[in-house]
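Asker: Take a look at this one; I'll ask things after.
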Amino acid sequence: MAYNPFFGDKRCIFEPKSINHDMETEITFHHIIPIQIRFSDVDQFGHVNNSVYFSLYDLAKTSYFREVFGEQDWSKFAVVVANIHADFQAPVFFSDDLAIETTVLHLGNKSFSLLQRAVDRKDGSIKCQCRTIMVGYDIASKQPIPIPDNYKQAICTYEGKSIEEFKQQSVDF
């Protein structure tokens with residue numbers, strides 16, 4: 001069930017989607033949110049500017065975290081972006097019907113890796129794909145810290161995988 005930012009609840013908007021990158025690993029996206037492209041997102045060439053995608057991915061990350069962890073006091077435990085990489089595969093135009101899909105690919109001791117895709121909802125084509133490494137972070141000490149077990153368990157439950165399955169899955173950046 002996908003979080004619906006328009007209604008503020010967990011109405012099912014889309015069914016989870018699966019992809020198969022290398023015929024060995026199937027990736028399922030349980031979190032999918034529709035994106036409204038704003039007039040200001042479009043650049044002088046008539047397509048969504050590449051810098052806008054990162055804002056869209058942040059919006060989807062926030063929605064994902066809300067759905068997986070619920071409302072949290074992020075001053076006690078935080079995650080920060082340690083690495084982000086986007087592959088721009090096709091332009092997005094103002095009239096396109098876009099969704100952002102999010103899943104966790106790898107779950108380690110102090111970090112986890114997200115895969116996010118901007119997908120055309122009409123034909124399913126991937127417009128952009130983004131891989132992000134998120135690191136557990138102590139705001140007071142400004143140091144990386146292990147991800148608490150209850151957060152790991154929440155991700156495992158939501159994604160339908162065990163910690164062992166996440167550790168076995170390789171992530172190519």
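Residues are referred to by chain and number: the chain letter is A, B, ... according to the order shown in the structure tokens, the number counts from 1 in that chain, and ligands are numbered separately from 1 in the order shown.
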As number ranges by chain, please: all residues of range 7-122 of chain A that backbone DSSP puts in strand (DSSP E).

Answerer: A: 17-20, 26-29, 31-35, 78-88, 98-107, 111-120

Asker: Once you have the residues from the selection above, write them out as a compact mmCIF listing (two decimals), in the first residue's frame, restricted to N, CA and C atoms.

Answerer:
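Output below, filename again25.txt:
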```txt
# COMPACT_ATOMS: atom_id res chain seq x y z
N LYS A 17 5.53 -2.69 -7.96
CA LYS A 17 6.08 -3.07 -9.26
C LYS A 17 7.37 -3.83 -9.06
N SER A 18 7.63 -4.78 -9.93
CA SER A 18 8.86 -5.56 -9.89
C SER A 18 9.65 -5.33 -11.17
N ILE A 19 10.96 -5.31 -11.03
CA ILE A 19 11.83 -5.26 -12.20
C ILE A 19 12.91 -6.30 -12.02
N ASN A 20 13.53 -6.69 -13.10
CA ASN A 20 14.61 -7.66 -13.05
C ASN A 20 15.78 -7.10 -13.83
N GLU A 26 15.41 -9.85 -8.51
CA GLU A 26 14.17 -9.14 -8.79
C GLU A 26 14.00 -8.05 -7.76
N ILE A 27 13.67 -6.86 -8.22
CA ILE A 27 13.50 -5.72 -7.33
C ILE A 27 12.04 -5.30 -7.37
N THR A 28 11.43 -5.21 -6.20
CA THR A 28 10.04 -4.82 -6.09
C THR A 28 9.95 -3.44 -5.44
N PHE A 29 9.14 -2.58 -6.03
CA PHE A 29 8.89 -1.24 -5.48
C PHE A 29 7.53 -1.24 -4.80
N HIS A 31 6.75 1.24 -2.67
CA HIS A 31 6.42 2.64 -2.44
C HIS A 31 6.43 3.40 -3.76
N ILE A 32 5.28 3.89 -4.15
CA ILE A 32 5.13 4.61 -5.42
C ILE A 32 4.24 5.82 -5.16
N ILE A 33 4.74 7.01 -5.50
CA ILE A 33 3.90 8.20 -5.34
C ILE A 33 3.82 8.96 -6.67
N PRO A 34 2.63 9.49 -6.96
CA PRO A 34 2.49 10.32 -8.16
C PRO A 34 3.17 11.67 -7.92
N ILE A 35 3.69 12.25 -8.97
CA ILE A 35 4.37 13.54 -8.89
C ILE A 35 3.68 14.53 -9.81
N ALA A 78 18.93 10.25 13.05
CA ALA A 78 18.77 10.85 11.73
C ALA A 78 19.52 10.02 10.70
N VAL A 79 19.16 10.23 9.45
CA VAL A 79 19.91 9.67 8.34
C VAL A 79 20.28 10.81 7.41
N VAL A 80 21.45 10.70 6.83
CA VAL A 80 21.92 11.72 5.90
C VAL A 80 22.37 11.05 4.60
N VAL A 81 22.36 11.80 3.52
CA VAL A 81 22.82 11.31 2.23
C VAL A 81 24.34 11.33 2.21
N ALA A 82 24.95 10.16 1.97
CA ALA A 82 26.40 10.07 1.85
C ALA A 82 26.84 10.05 0.40
N ASN A 83 25.98 9.52 -0.47
CA ASN A 83 26.29 9.44 -1.89
C ASN A 83 24.99 9.40 -2.66
N ILE A 84 24.96 10.08 -3.78
CA ILE A 84 23.77 10.04 -4.64
C ILE A 84 24.22 10.06 -6.09
N HIS A 85 23.59 9.21 -6.88
CA HIS A 85 23.98 9.07 -8.28
C HIS A 85 22.72 8.91 -9.12
N ALA A 86 22.58 9.73 -10.13
CA ALA A 86 21.40 9.66 -11.00
C ALA A 86 21.81 9.34 -12.43
N ASP A 87 21.02 8.49 -13.06
CA ASP A 87 21.17 8.17 -14.48
C ASP A 87 19.95 8.73 -15.20
N PHE A 88 20.16 9.75 -16.01
CA PHE A 88 19.08 10.37 -16.76
C PHE A 88 18.91 9.61 -18.07
N LEU A 98 3.97 11.46 -14.17
CA LEU A 98 5.16 10.87 -13.56
C LEU A 98 4.87 10.30 -12.17
N ALA A 99 5.58 9.23 -11.82
CA ALA A 99 5.56 8.68 -10.46
C ALA A 99 7.00 8.41 -10.05
N ILE A 100 7.26 8.47 -8.75
CA ILE A 100 8.56 8.10 -8.20
C ILE A 100 8.39 6.81 -7.41
N GLU A 101 9.19 5.81 -7.76
CA GLU A 101 9.19 4.53 -7.07
C GLU A 101 10.42 4.47 -6.18
N THR A 102 10.26 3.91 -4.98
CA THR A 102 11.36 3.85 -4.01
C THR A 102 11.43 2.47 -3.37
N THR A 103 12.64 1.96 -3.22
CA THR A 103 12.87 0.72 -2.49
C THR A 103 14.26 0.74 -1.85
N VAL A 104 14.45 -0.10 -0.84
CA VAL A 104 15.78 -0.28 -0.24
C VAL A 104 16.41 -1.49 -0.92
N LEU A 105 17.65 -1.31 -1.38
CA LEU A 105 18.38 -2.39 -2.03
C LEU A 105 19.30 -3.13 -1.07
N HIS A 106 19.94 -2.38 -0.18
CA HIS A 106 20.94 -2.95 0.71
C HIS A 106 20.77 -2.33 2.09
N LEU A 107 20.90 -3.14 3.12
CA LEU A 107 20.76 -2.68 4.50
C LEU A 107 21.96 -3.19 5.29
N SER A 111 24.51 1.99 7.29
CA SER A 111 23.97 2.60 6.08
C SER A 111 22.97 1.70 5.39
N PHE A 112 22.21 2.30 4.48
CA PHE A 112 21.35 1.55 3.59
C PHE A 112 21.33 2.25 2.24
N SER A 113 21.02 1.48 1.20
CA SER A 113 21.02 2.01 -0.16
C SER A 113 19.60 2.01 -0.70
N LEU A 114 19.22 3.15 -1.27
CA LEU A 114 17.90 3.29 -1.89
C LEU A 114 18.05 3.26 -3.40
N LEU A 115 17.06 2.70 -4.06
CA LEU A 115 16.91 2.84 -5.50
C LEU A 115 15.59 3.56 -5.73
N GLN A 116 15.66 4.64 -6.50
CA GLN A 116 14.45 5.39 -6.84
C GLN A 116 14.42 5.56 -8.35
N ARG A 117 13.19 5.53 -8.89
CA ARG A 117 13.03 5.71 -10.33
C ARG A 117 11.90 6.70 -10.60
N ALA A 118 12.13 7.54 -11.59
CA ALA A 118 11.08 8.40 -12.13
C ALA A 118 10.51 7.64 -13.33
N VAL A 119 9.23 7.31 -13.24
CA VAL A 119 8.60 6.45 -14.24
C VAL A 119 7.40 7.15 -14.85
N ASP A 120 7.26 7.04 -16.16
CA ASP A 120 6.07 7.55 -16.85
C ASP A 120 4.92 6.60 -16.54
```

Asker: Using the chain letters and numbers from this document, which residues of chain A does DSSP assign to alpha helix (DSSP H), as JSON, numbers by chain?

Answerer: {"A": [50, 51, 52, 53, 54, 55, 56, 57, 58, 59, 60, 61, 62, 63, 64, 65, 66, 67, 68, 69, 149, 150, 151, 152, 153, 154, 155, 156, 157, 158, 159, 163, 164, 165, 166, 167, 168]}

Asker: Could you dump the residues just selected with C-alpha atoms as a compact mmCIF listing (two decimals), in the first residue's frame?

Answerer:
```
# COMPACT_ATOMS: atom_id res chain seq x y z
CA ASN A 50 18.06 17.68 -14.13
CA SER A 51 18.40 19.46 -10.77
CA VAL A 52 14.65 19.08 -10.15
CA TYR A 53 14.84 15.29 -10.01
CA PHE A 54 16.72 15.42 -6.70
CA SER A 55 13.87 17.43 -5.14
CA LEU A 56 11.39 14.87 -6.44
CA TYR A 57 13.48 12.03 -5.02
CA ASP A 58 13.65 13.87 -1.66
CA LEU A 59 9.87 14.18 -1.64
CA ALA A 60 9.56 10.45 -2.25
CA LYS A 61 12.19 9.66 0.42
CA THR A 62 10.21 11.68 2.96
CA SER A 63 7.02 9.86 2.04
CA TYR A 64 8.81 6.49 2.19
CA PHE A 65 10.25 7.23 5.65
CA ARG A 66 6.83 8.32 6.92
CA GLU A 67 5.25 5.14 5.66
CA VAL A 68 7.98 2.80 6.92
CA PHE A 69 8.84 4.45 10.26
CA ASP A 149 17.53 -2.48 15.13
CA ASN A 150 13.91 -1.25 15.25
CA TYR A 151 14.54 0.87 12.12
CA LYS A 152 16.15 -2.09 10.35
CA GLN A 153 13.22 -4.28 11.30
CA ALA A 154 10.73 -1.69 10.02
CA ILE A 155 12.52 -1.65 6.64
CA CYS A 156 12.61 -5.47 6.53
CA THR A 157 8.92 -5.71 7.34
CA TYR A 158 7.93 -3.09 4.78
CA GLU A 159 10.12 -4.52 2.01
CA ILE A 163 18.36 -8.65 7.10
CA GLU A 164 20.31 -11.54 5.57
CA GLU A 165 18.60 -11.06 2.19
CA PHE A 166 19.50 -7.36 2.22
CA LYS A 167 23.14 -8.11 3.08
CA GLN A 168 23.44 -10.63 0.24
```

Asker: Quick one: residues within 9 Å of Phe77 in chain A, only C-alpha atoms, excluding same-chain residues fewer than 5 positions away - as a list in words?

Answerer: Gln72, Gly136, Tyr137, Asp138, Ile139, Ile145, Ile147 and Pro148 of chain A

Asker: Work out how far CA of Ala140 in chain A is from CA of Lys76 in chain A, in Å to one decimal.

Answerer: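 Separation between CA of Lys76 in chain A and CA of Ala140 in chain A: 9.1 Å.
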
Asker: May I ask for the distance between CA of Thr132 in chain A and CA of Pro91 in chain A, given in Å to one decimal place?

Answerer: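 If I compute the distance from CA of Thr132 in chain A to CA of Pro91 in chain A, I get 20.8 Å.
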
Asker: Between CA of Pro146 in chain A and CA of Met134 in chain A, what is the distance in Å, rounded to a tenth?

Answerer: 11.5 Å
